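Only one structure is covered here, and it is reproduced in the block below.
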Amino acid sequence: MSDMLYFDHAATTPVHPRVLAAMTPYLTQVFGNPSSVHAAGREARKALEQARDAIASFMDADPQSLIFTSGGTEADNMAVIGGAMAQRERGRHVITTQIEHHAVLHACEYLEQAGFEVTYLPVDKTGSVRLEDVKQAVRPDTVLVSIMYGNNEVGTIQPIEEIGVFLQEKGIIFHTDAVQAFGVLPIRARQLPVDMLSVSAHKINGPKGVGALYLGRKVPVSPILHGGSQERKRRAGTENLAGIVGFAEATKVATEEMADRVAKYEQMKAAMRAVWEEAGIAFHVNGHPTNVLPHILNVSFPGVHTETMLMNLDLARIAAASGSACTSGSLELSHVLVAMQLEDEIARSAIRFSFGITNTVEEARQAAQTVAQIVNRLVRSK
Ligand SMILES: *Cc1c(COP(=O)(O)O)cnc(C)c1O
């Protein structure tokens with residue numbers, strides 16, 4: 001791994017050394033079940049609640065409002081399916097967008113099978129949802145709206161506050177998937193007009209397999225896991241204590257470093273663009289020009305298709321991504337780029353670079369130079 005330039009942090013990140021150190025005792029010495037009443041259980045319970053307090057303070061939420069889950073996917077499923085099911089006697093219409101993560105989109109498709117109607121809102125060319133479209137889609141039987149905070153493929157930040165204020169007036173429950181925004185933008189749950197918000201540890205240098213759903217007071221949600229009475233009877237199953245402790249430590253490190261990280265990512269973006277401009281190659285940055293997550297750069301190189309670029313980058317030991325799902329060698333266009341209605345050649349040549357804490361500006365420059373060489377070699381040889 002050490003000789004690899006890793007620019008796929010929107011997919012996952014390495015565990016921070018401080019996170020690993022914080023977790024280790026909870027896999028070995030403090031292994032009690034937080035539900036047990038003996039001393040070992042009580043010690044585990046104490047660690048669990050301290051971790052909850054730390055994460056709650058990082059996102060300005062009441063600790064009681066955090067439900068630990070197995071990750072962002074489960075938090076999204078709980079919000080969308082649990083939120084809709086709890087209100088199914090009131091109405092069976094849900095609104096989401098065409099650019100959500102599959103954890104929301106496929107949960108919505110499940111709701112359709114269960115008798116709900118779902119409206120999938122379009123986006124403009126920058127990948128932004130329009131408040132006007134939300135207003136037009138709302139019906140008397142709308143019970144839930146789910147719109148992501150920042151998009152994982154192109155990074156566009158959505159007008160969550162505007163939309164939330166409108167939905168609050170209408171009394172409609174509002175969920176946002178903040179998995180990508182968490183850790184790079186200040187998320188203050190208490191001050192946001194949202195009822196539910198999903199986060200995940202492994203996108204912010206915590207361990208995989210743990211996340212949380214922020215659940216505002218009196219928000220109706222049916223559990224999707226049934227069993228013990230953990231998490232105030234909202235999410236059954238023995239808590240992933242070591243993971244949760246690691247998640248808490250990741251938020252502490254992020255608190256200390258957020259401003260520096262964001263500044264570095266901005267420099268990395270600027271450095272890459274400068275290399276491409278200097279090399280005189282054609283490129284097109286996708287997503288909103290300014291309202292964008294700092295760690296995501298989605299860029300197209302007309303003439304070099306996504307899979308060709310990714311393969312050539314991989315040969316050069318550079319890890320980047322497409323937003324697209326590669327099925328049996330044929331590249332399906334990403335649903336996000338399709339929703340943005342980009343020109344075909346732009347959509348077919350899009351690459352996502354996503355930055356993380358171990359990356360340097362020099363690494364970004366190096367990767368950009370490799371990209372320029374690949375473009376020059378492939379476009380000129382045509
Ligand atoms: C990664 C991601 C998820 C899924 O989170 P997991 O913890 O991997 O299940 C959901 N939404 C967005 C926007 C993501 O980037």
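FYI, nothing fancy with the structure tokens labels: chains A, B, ... in order, residues from 1 per chain, ligands from 1 as they appear.
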Close residues to ligand 1 using only C-alpha atoms and all ligand atoms, limit 10 Å, as an mmCIF file with all heavy atoms, in the first residue's frame:
```cif
data_model
loop_
_atom_site.group_PDB
_atom_site.id
_atom_site.type_symbol
_atom_site.label_atom_id
_atom_site.label_comp_id
_atom_site.auth_asym_id
_atom_site.auth_seq_id
_atom_site.Cartn_x
_atom_site.Cartn_y
_atom_site.Cartn_z
ATOM 1 N N HIS A 9 -11.042 8.151 -1.047
ATOM 2 C CA HIS A 9 -11.494 8.249 0.346
ATOM 3 C C HIS A 9 -13.003 8.386 0.485
ATOM 4 O O HIS A 9 -13.528 8.237 1.591
ATOM 5 C CB HIS A 9 -10.777 9.406 1.043
ATOM 6 C CG HIS A 9 -9.311 9.147 1.231
ATOM 7 N ND1 HIS A 9 -8.372 9.463 0.278
ATOM 8 C CD2 HIS A 9 -8.643 8.563 2.249
ATOM 9 C CE1 HIS A 9 -7.180 9.095 0.716
ATOM 10 N NE2 HIS A 9 -7.311 8.555 1.909
ATOM 11 N N ALA A 10 -13.704 8.671 -0.634
ATOM 12 C CA ALA A 10 -15.168 8.686 -0.551
ATOM 13 C C ALA A 10 -15.698 7.253 -0.501
ATOM 14 O O ALA A 10 -16.835 7.015 -0.103
ATOM 15 C CB ALA A 10 -15.771 9.444 -1.731
ATOM 16 N N ALA A 11 -14.843 6.287 -0.898
ATOM 17 C CA ALA A 11 -15.236 4.875 -0.799
ATOM 18 C C ALA A 11 -14.969 4.369 0.607
ATOM 19 O O ALA A 11 -15.818 3.746 1.247
ATOM 20 C CB ALA A 11 -14.475 4.033 -1.822
ATOM 21 N N THR A 12 -13.769 4.618 1.096
ATOM 22 C CA THR A 12 -13.438 4.310 2.483
ATOM 23 C C THR A 12 -12.089 4.913 2.818
ATOM 24 O O THR A 12 -11.329 5.310 1.920
ATOM 25 C CB THR A 12 -13.445 2.796 2.777
ATOM 26 O OG1 THR A 12 -13.470 2.599 4.199
ATOM 27 C CG2 THR A 12 -12.233 2.085 2.192
ATOM 28 N N THR A 69 -25.726 2.312 14.596
ATOM 29 C CA THR A 69 -26.114 1.327 13.587
ATOM 30 C C THR A 69 -24.862 0.626 13.063
ATOM 31 O O THR A 69 -23.747 0.932 13.496
ATOM 32 C CB THR A 69 -26.809 2.006 12.384
ATOM 33 O OG1 THR A 69 -25.841 2.836 11.721
ATOM 34 C CG2 THR A 69 -27.986 2.870 12.824
ATOM 35 N N SER A 70 -25.056 -0.262 12.101
ATOM 36 C CA SER A 70 -23.912 -0.964 11.502
ATOM 37 C C SER A 70 -23.277 -0.150 10.376
ATOM 38 O O SER A 70 -22.441 -0.666 9.648
ATOM 39 C CB SER A 70 -24.368 -2.317 10.954
ATOM 40 O OG SER A 70 -25.282 -2.111 9.890
ATOM 41 N N GLY A 71 -23.671 1.106 10.222
ATOM 42 C CA GLY A 71 -23.045 1.954 9.204
ATOM 43 C C GLY A 71 -24.046 2.894 8.573
ATOM 44 O O GLY A 71 -25.212 2.999 9.004
ATOM 45 N N GLY A 72 -23.580 3.573 7.521
ATOM 46 C CA GLY A 72 -24.432 4.527 6.830
ATOM 47 C C GLY A 72 -25.623 3.849 6.164
ATOM 48 O O GLY A 72 -26.730 4.376 6.156
ATOM 49 N N THR A 73 -25.394 2.675 5.606
ATOM 50 C CA THR A 73 -26.471 1.964 4.909
ATOM 51 C C THR A 73 -27.621 1.654 5.853
ATOM 52 O O THR A 73 -28.790 1.899 5.542
ATOM 53 C CB THR A 73 -25.924 0.660 4.290
ATOM 54 O OG1 THR A 73 -24.910 1.003 3.338
ATOM 55 C CG2 THR A 73 -27.015 -0.134 3.612
ATOM 56 N N GLU A 74 -27.287 1.143 7.023
ATOM 57 C CA GLU A 74 -28.365 0.810 7.970
ATOM 58 C C GLU A 74 -29.056 2.081 8.471
ATOM 59 O O GLU A 74 -30.287 2.097 8.641
ATOM 60 C CB GLU A 74 -27.838 -0.012 9.146
ATOM 61 C CG GLU A 74 -28.981 -0.534 10.002
ATOM 62 C CD GLU A 74 -28.539 -1.120 11.339
ATOM 63 O OE1 GLU A 74 -27.477 -1.778 11.400
ATOM 64 O OE2 GLU A 74 -29.273 -0.915 12.322
ATOM 65 N N ALA A 75 -28.292 3.136 8.703
ATOM 66 C CA ALA A 75 -28.896 4.396 9.160
ATOM 67 C C ALA A 75 -29.878 4.914 8.104
ATOM 68 O O ALA A 75 -30.995 5.333 8.422
ATOM 69 C CB ALA A 75 -27.809 5.425 9.446
ATOM 70 N N ASP A 76 -29.470 4.857 6.825
ATOM 71 C CA ASP A 76 -30.354 5.288 5.730
ATOM 72 C C ASP A 76 -31.611 4.414 5.658
ATOM 73 O O ASP A 76 -32.724 4.913 5.479
ATOM 74 C CB ASP A 76 -29.612 5.235 4.385
ATOM 75 C CG ASP A 76 -28.639 6.390 4.206
ATOM 76 O OD1 ASP A 76 -28.720 7.372 4.971
ATOM 77 O OD2 ASP A 76 -27.787 6.310 3.292
ATOM 78 N N ASN A 77 -31.422 3.104 5.766
ATOM 79 C CA ASN A 77 -32.568 2.187 5.717
ATOM 80 C C ASN A 77 -33.530 2.434 6.870
ATOM 81 O O ASN A 77 -34.747 2.415 6.705
ATOM 82 C CB ASN A 77 -32.097 0.727 5.749
ATOM 83 C CG ASN A 77 -31.786 0.197 4.371
ATOM 84 O OD1 ASN A 77 -32.562 -0.532 3.780
ATOM 85 N ND2 ASN A 77 -30.644 0.598 3.820
ATOM 86 N N ILE A 99 -30.247 11.347 -7.256
ATOM 87 C CA ILE A 99 -28.793 11.265 -7.071
ATOM 88 C C ILE A 99 -28.389 10.705 -5.711
ATOM 89 O O ILE A 99 -27.231 10.811 -5.314
ATOM 90 C CB ILE A 99 -28.131 12.653 -7.250
ATOM 91 C CG1 ILE A 99 -28.676 13.651 -6.229
ATOM 92 C CG2 ILE A 99 -28.318 13.165 -8.676
ATOM 93 C CD1 ILE A 99 -27.741 14.825 -5.980
ATOM 94 N N GLU A 100 -29.346 10.099 -4.989
ATOM 95 C CA GLU A 100 -29.021 9.547 -3.676
ATOM 96 C C GLU A 100 -28.078 8.352 -3.794
ATOM 97 O O GLU A 100 -27.971 7.702 -4.837
ATOM 98 C CB GLU A 100 -30.303 9.086 -2.972
ATOM 99 C CG GLU A 100 -31.302 10.181 -2.700
ATOM 100 C CD GLU A 100 -30.762 11.299 -1.814
ATOM 101 O OE1 GLU A 100 -30.236 10.994 -0.729
ATOM 102 O OE2 GLU A 100 -30.876 12.475 -2.214
ATOM 103 N N HIS A 101 -27.443 8.025 -2.689
ATOM 104 C CA HIS A 101 -26.695 6.781 -2.565
ATOM 105 C C HIS A 101 -27.690 5.617 -2.683
ATOM 106 O O HIS A 101 -28.866 5.769 -2.349
ATOM 107 C CB HIS A 101 -26.013 6.757 -1.196
ATOM 108 C CG HIS A 101 -25.033 5.639 -1.007
ATOM 109 N ND1 HIS A 101 -25.416 4.379 -0.604
ATOM 110 C CD2 HIS A 101 -23.683 5.595 -1.163
ATOM 111 C CE1 HIS A 101 -24.340 3.612 -0.512
ATOM 112 N NE2 HIS A 101 -23.276 4.314 -0.859
ATOM 113 N N HIS A 102 -27.205 4.469 -3.131
ATOM 114 C CA HIS A 102 -28.116 3.330 -3.283
ATOM 115 C C HIS A 102 -28.752 2.898 -1.961
ATOM 116 O O HIS A 102 -29.813 2.269 -1.957
ATOM 117 C CB HIS A 102 -27.390 2.152 -3.954
ATOM 118 C CG HIS A 102 -27.182 2.382 -5.429
ATOM 119 N ND1 HIS A 102 -25.961 2.249 -6.053
ATOM 120 C CD2 HIS A 102 -28.047 2.785 -6.388
ATOM 121 C CE1 HIS A 102 -26.092 2.541 -7.337
ATOM 122 N NE2 HIS A 102 -27.346 2.869 -7.565
ATOM 123 N N ALA A 103 -28.122 3.238 -0.856
ATOM 124 C CA ALA A 103 -28.715 2.893 0.449
ATOM 125 C C ALA A 103 -30.065 3.582 0.632
ATOM 126 O O ALA A 103 -30.947 3.061 1.311
ATOM 127 C CB ALA A 103 -27.765 3.278 1.582
ATOM 128 N N VAL A 104 -30.237 4.737 0.015
ATOM 129 C CA VAL A 104 -31.529 5.436 0.049
ATOM 130 C C VAL A 104 -32.383 5.005 -1.145
ATOM 131 O O VAL A 104 -33.550 4.660 -0.993
ATOM 132 C CB VAL A 104 -31.336 6.971 0.055
ATOM 133 C CG1 VAL A 104 -32.648 7.693 -0.236
ATOM 134 C CG2 VAL A 104 -30.777 7.413 1.404
ATOM 135 N N MET A 148 -29.943 14.010 0.218
ATOM 136 C CA MET A 148 -28.604 13.915 0.793
ATOM 137 C C MET A 148 -27.984 15.280 1.038
ATOM 138 O O MET A 148 -28.296 16.264 0.368
ATOM 139 C CB MET A 148 -27.697 13.039 -0.069
ATOM 140 C CG MET A 148 -27.299 13.653 -1.386
ATOM 141 S SD MET A 148 -26.668 12.426 -2.593
ATOM 142 C CE MET A 148 -25.716 11.290 -1.611
ATOM 143 N N TYR A 149 -27.066 15.352 1.989
ATOM 144 C CA TYR A 149 -26.400 16.611 2.332
ATOM 145 C C TYR A 149 -25.369 16.978 1.271
ATOM 146 O O TYR A 149 -25.387 18.079 0.724
ATOM 147 C CB TYR A 149 -25.720 16.460 3.706
ATOM 148 C CG TYR A 149 -25.498 17.762 4.417
ATOM 149 C CD1 TYR A 149 -26.250 18.092 5.533
ATOM 150 C CD2 TYR A 149 -24.552 18.671 3.967
ATOM 151 C CE1 TYR A 149 -26.056 19.296 6.185
ATOM 152 C CE2 TYR A 149 -24.347 19.878 4.612
ATOM 153 C CZ TYR A 149 -25.111 20.184 5.720
ATOM 154 O OH TYR A 149 -24.916 21.372 6.359
ATOM 155 N N GLY A 150 -24.469 16.053 0.992
ATOM 156 C CA GLY A 150 -23.457 16.264 -0.047
ATOM 157 C C GLY A 150 -23.320 14.994 -0.856
ATOM 158 O O GLY A 150 -23.278 13.904 -0.286
ATOM 159 N N ASN A 151 -23.273 15.124 -2.168
ATOM 160 C CA ASN A 151 -23.258 13.939 -3.024
ATOM 161 C C ASN A 151 -21.901 13.245 -3.028
ATOM 162 O O ASN A 151 -20.856 13.885 -3.085
ATOM 163 C CB ASN A 151 -23.676 14.307 -4.454
ATOM 164 C CG ASN A 151 -23.713 13.099 -5.350
ATOM 165 O OD1 ASN A 151 -22.748 12.810 -6.044
ATOM 166 N ND2 ASN A 151 -24.790 12.359 -5.302
ATOM 167 N N ASN A 152 -21.921 11.914 -2.995
ATOM 168 C CA ASN A 152 -20.688 11.139 -2.906
ATOM 169 C C ASN A 152 -19.953 11.007 -4.228
ATOM 170 O O ASN A 152 -18.780 10.674 -4.251
ATOM 171 C CB ASN A 152 -20.986 9.744 -2.338
ATOM 172 C CG ASN A 152 -22.138 9.056 -3.024
ATOM 173 O OD1 ASN A 152 -23.253 9.561 -3.040
ATOM 174 N ND2 ASN A 152 -21.867 7.916 -3.616
ATOM 175 N N GLU A 153 -20.614 11.288 -5.362
ATOM 176 C CA GLU A 153 -19.924 11.135 -6.646
ATOM 177 C C GLU A 153 -19.359 12.443 -7.169
ATOM 178 O O GLU A 153 -18.216 12.491 -7.618
ATOM 179 C CB GLU A 153 -20.873 10.531 -7.688
ATOM 180 C CG GLU A 153 -21.202 9.083 -7.379
ATOM 181 C CD GLU A 153 -21.981 8.426 -8.501
ATOM 182 O OE1 GLU A 153 -21.816 8.839 -9.657
ATOM 183 O OE2 GLU A 153 -22.745 7.497 -8.206
ATOM 184 N N GLY A 155 -19.926 15.545 -5.340
ATOM 185 C CA GLY A 155 -19.637 16.421 -4.208
ATOM 186 C C GLY A 155 -20.604 17.581 -4.000
ATOM 187 O O GLY A 155 -20.461 18.328 -3.018
ATOM 188 N N THR A 176 -31.737 13.480 5.987
ATOM 189 C CA THR A 176 -30.616 13.751 5.086
ATOM 190 C C THR A 176 -29.484 12.766 5.342
ATOM 191 O O THR A 176 -29.144 12.462 6.495
ATOM 192 C CB THR A 176 -30.134 15.217 5.195
ATOM 193 O OG1 THR A 176 -29.141 15.445 4.178
ATOM 194 C CG2 THR A 176 -29.522 15.541 6.549
ATOM 195 N N ASP A 177 -28.931 12.238 4.254
ATOM 196 C CA ASP A 177 -27.763 11.363 4.316
ATOM 197 C C ASP A 177 -26.535 12.278 4.319
ATOM 198 O O ASP A 177 -26.177 12.858 3.295
ATOM 199 C CB ASP A 177 -27.779 10.442 3.081
ATOM 200 C CG ASP A 177 -26.524 9.592 2.959
ATOM 201 O OD1 ASP A 177 -25.504 9.910 3.607
ATOM 202 O OD2 ASP A 177 -26.552 8.607 2.192
ATOM 203 N N ALA A 178 -25.919 12.402 5.508
ATOM 204 C CA ALA A 178 -24.779 13.323 5.640
ATOM 205 C C ALA A 178 -23.461 12.557 5.720
ATOM 206 O O ALA A 178 -22.466 13.075 6.216
ATOM 207 C CB ALA A 178 -24.968 14.205 6.877
ATOM 208 N N VAL A 179 -23.453 11.327 5.199
ATOM 209 C CA VAL A 179 -22.266 10.470 5.339
ATOM 210 C C VAL A 179 -21.013 11.141 4.768
ATOM 211 O O VAL A 179 -19.952 11.121 5.383
ATOM 212 C CB VAL A 179 -22.512 9.089 4.688
ATOM 213 C CG1 VAL A 179 -21.210 8.290 4.600
ATOM 214 C CG2 VAL A 179 -23.555 8.313 5.465
ATOM 215 N N GLN A 180 -21.135 11.770 3.587
ATOM 216 C CA GLN A 180 -19.938 12.381 2.981
ATOM 217 C C GLN A 180 -19.619 13.747 3.576
ATOM 218 O O GLN A 180 -18.460 14.149 3.631
ATOM 219 C CB GLN A 180 -20.101 12.513 1.464
ATOM 220 C CG GLN A 180 -19.990 11.200 0.706
ATOM 221 C CD GLN A 180 -18.625 10.536 0.807
ATOM 222 O OE1 GLN A 180 -17.604 11.173 1.054
ATOM 223 N NE2 GLN A 180 -18.595 9.234 0.630
ATOM 224 N N ALA A 181 -20.632 14.463 3.997
ATOM 225 C CA ALA A 181 -20.411 15.819 4.524
ATOM 226 C C ALA A 181 -19.806 15.783 5.921
ATOM 227 O O ALA A 181 -19.021 16.667 6.300
ATOM 228 C CB ALA A 181 -21.739 16.583 4.549
ATOM 229 N N PHE A 182 -20.154 14.735 6.672
ATOM 230 C CA PHE A 182 -19.714 14.595 8.059
ATOM 231 C C PHE A 182 -18.191 14.516 8.119
ATOM 232 O O PHE A 182 -17.582 13.713 7.429
ATOM 233 C CB PHE A 182 -20.325 13.295 8.608
ATOM 234 C CG PHE A 182 -20.269 13.146 10.092
ATOM 235 C CD1 PHE A 182 -20.901 14.049 10.921
ATOM 236 C CD2 PHE A 182 -19.603 12.068 10.665
ATOM 237 C CE1 PHE A 182 -20.877 13.891 12.302
ATOM 238 C CE2 PHE A 182 -19.571 11.899 12.043
ATOM 239 C CZ PHE A 182 -20.212 12.815 12.857
ATOM 240 N N SER A 198 -27.995 10.744 8.704
ATOM 241 C CA SER A 198 -27.161 9.532 8.739
ATOM 242 C C SER A 198 -25.680 9.872 8.675
ATOM 243 O O SER A 198 -25.280 10.733 7.877
ATOM 244 C CB SER A 198 -27.453 8.637 7.530
ATOM 245 O OG SER A 198 -28.814 8.334 7.422
ATOM 246 N N VAL A 199 -24.883 9.161 9.473
ATOM 247 C CA VAL A 199 -23.424 9.307 9.408
ATOM 248 C C VAL A 199 -22.773 7.918 9.471
ATOM 249 O O VAL A 199 -23.413 6.944 9.875
ATOM 250 C CB VAL A 199 -22.884 10.204 10.547
ATOM 251 C CG1 VAL A 199 -23.374 11.630 10.389
ATOM 252 C CG2 VAL A 199 -23.260 9.673 11.923
ATOM 253 N N SER A 200 -21.513 7.847 9.068
ATOM 254 C CA SER A 200 -20.798 6.573 9.042
ATOM 255 C C SER A 200 -19.361 6.796 9.489
ATOM 256 O O SER A 200 -18.747 7.803 9.137
ATOM 257 C CB SER A 200 -20.830 6.005 7.623
ATOM 258 O OG SER A 200 -20.047 4.834 7.544
ATOM 259 N N ALA A 201 -18.813 5.841 10.254
ATOM 260 C CA ALA A 201 -17.465 6.009 10.815
ATOM 261 C C ALA A 201 -16.353 5.832 9.781
ATOM 262 O O ALA A 201 -15.359 6.565 9.796
ATOM 263 C CB ALA A 201 -17.260 5.021 11.967
ATOM 264 N N HIS A 202 -16.506 4.872 8.864
ATOM 265 C CA HIS A 202 -15.349 4.526 8.021
ATOM 266 C C HIS A 202 -15.051 5.561 6.939
ATOM 267 O O HIS A 202 -14.022 5.475 6.268
ATOM 268 C CB HIS A 202 -15.492 3.117 7.420
ATOM 269 C CG HIS A 202 -16.423 2.981 6.264
ATOM 270 N ND1 HIS A 202 -15.977 2.900 4.970
ATOM 271 C CD2 HIS A 202 -17.764 2.896 6.203
ATOM 272 C CE1 HIS A 202 -17.022 2.756 4.167
ATOM 273 N NE2 HIS A 202 -18.122 2.758 4.894
ATOM 274 N N LYS A 203 -15.924 6.547 6.770
ATOM 275 C CA LYS A 203 -15.634 7.617 5.825
ATOM 276 C C LYS A 203 -14.824 8.723 6.495
ATOM 277 O O LYS A 203 -14.388 9.665 5.835
ATOM 278 C CB LYS A 203 -16.936 8.191 5.251
ATOM 279 C CG LYS A 203 -17.863 7.155 4.585
ATOM 280 C CD LYS A 203 -17.328 6.664 3.256
ATOM 281 C CE LYS A 203 -18.156 5.565 2.622
ATOM 282 N NZ LYS A 203 -19.360 5.996 1.952
ATOM 283 N N PRO A 207 -13.557 2.937 12.059
ATOM 284 C CA PRO A 207 -13.641 1.567 11.528
ATOM 285 C C PRO A 207 -14.875 1.347 10.645
ATOM 286 O O PRO A 207 -15.846 2.098 10.737
ATOM 287 C CB PRO A 207 -13.763 0.722 12.798
ATOM 288 C CG PRO A 207 -14.399 1.629 13.796
ATOM 289 C CD PRO A 207 -13.932 3.031 13.478
ATOM 290 N N LYS A 208 -14.823 0.339 9.816
ATOM 291 C CA LYS A 208 -15.982 -0.040 8.998
ATOM 292 C C LYS A 208 -17.012 -0.746 9.875
ATOM 293 O O LYS A 208 -16.670 -1.333 10.894
ATOM 294 C CB LYS A 208 -15.525 -0.957 7.865
ATOM 295 C CG LYS A 208 -14.643 -0.231 6.851
ATOM 296 C CD LYS A 208 -13.978 -1.198 5.893
ATOM 297 C CE LYS A 208 -13.034 -0.492 4.931
ATOM 298 N NZ LYS A 208 -11.943 0.266 5.601
ATOM 299 N N GLY A 209 -18.266 -0.668 9.461
ATOM 300 C CA GLY A 209 -19.298 -1.422 10.171
ATOM 301 C C GLY A 209 -19.893 -0.707 11.362
ATOM 302 O O GLY A 209 -20.478 -1.343 12.230
ATOM 303 N N VAL A 210 -19.761 0.609 11.413
ATOM 304 C CA VAL A 210 -20.430 1.360 12.475
ATOM 305 C C VAL A 210 -20.825 2.732 11.947
ATOM 306 O O VAL A 210 -20.118 3.341 11.145
ATOM 307 C CB VAL A 210 -19.561 1.443 13.766
ATOM 308 C CG1 VAL A 210 -18.230 2.091 13.514
ATOM 309 C CG2 VAL A 210 -20.305 2.176 14.886
ATOM 310 N N GLY A 211 -21.986 3.173 12.373
ATOM 311 C CA GLY A 211 -22.501 4.480 11.972
ATOM 312 C C GLY A 211 -23.565 4.889 12.968
ATOM 313 O O GLY A 211 -23.709 4.257 14.025
ATOM 314 N N ALA A 212 -24.286 5.924 12.630
ATOM 315 C CA ALA A 212 -25.346 6.366 13.536
ATOM 316 C C ALA A 212 -26.434 7.079 12.757
ATOM 317 O O ALA A 212 -26.186 7.655 11.696
ATOM 318 C CB ALA A 212 -24.785 7.295 14.615
#
```
Please identify all polymer residues within 12 Å of Ala54 of chain A, counting only C-alpha atoms, omitting same-chain residues fewer than 6 positions from it, and present them as JSON, numbers by chain.
{"A": [47, 48, 60, 61, 62, 63, 66, 244, 245, 246, 247, 248, 249, 250, 251, 252, 253, 254, 255]}
Dump as JSON lines the rows for residues of segment 219-303 of chain A within 10 Å of segment 123-133 of chain A: closest atom pair and distance in Å with one decimal, only C-alpha atoms counted, ordered by chain and rising residue number.
```
{"residue": "A:Val285", "atom": "CA", "partner": "A:Thr126", "partner_atom": "CA", "distance": 9.9}
{"residue": "A:Asn286", "atom": "CA", "partner": "A:Thr126", "partner_atom": "CA", "distance": 7.0}
{"residue": "A:Gly287", "atom": "CA", "partner": "A:Thr126", "partner_atom": "CA", "distance": 4.5}
{"residue": "A:His288", "atom": "CA", "partner": "A:Thr126", "partner_atom": "CA", "distance": 4.5}
{"residue": "A:Pro289", "atom": "CA", "partner": "A:Thr126", "partner_atom": "CA", "distance": 7.6}
{"residue": "A:Thr290", "atom": "CA", "partner": "A:Thr126", "partner_atom": "CA", "distance": 9.9}
{"residue": "A:Asn291", "atom": "CA", "partner": "A:Ser128", "partner_atom": "CA", "distance": 9.1}
{"residue": "A:Val292", "atom": "CA", "partner": "A:Thr126", "partner_atom": "CA", "distance": 9.7}
```
| request: Would you return as a ChimeraX atom specification the members of segment 29-141 of chain A that DSSP assigns to helix (DSSP H, G or I) on this structure's backbone? | output: /A:39-58,63-65,72-86,102-113,131-137
>> Which residue is closest to Tyr26 of chain A? Choose from A:Val304, A:Leu225, A:Asn240, A:Arg188 and count only C-alpha atoms.
In response: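 Smallest distance to Tyr26 of chain A is found for A:Asn240.
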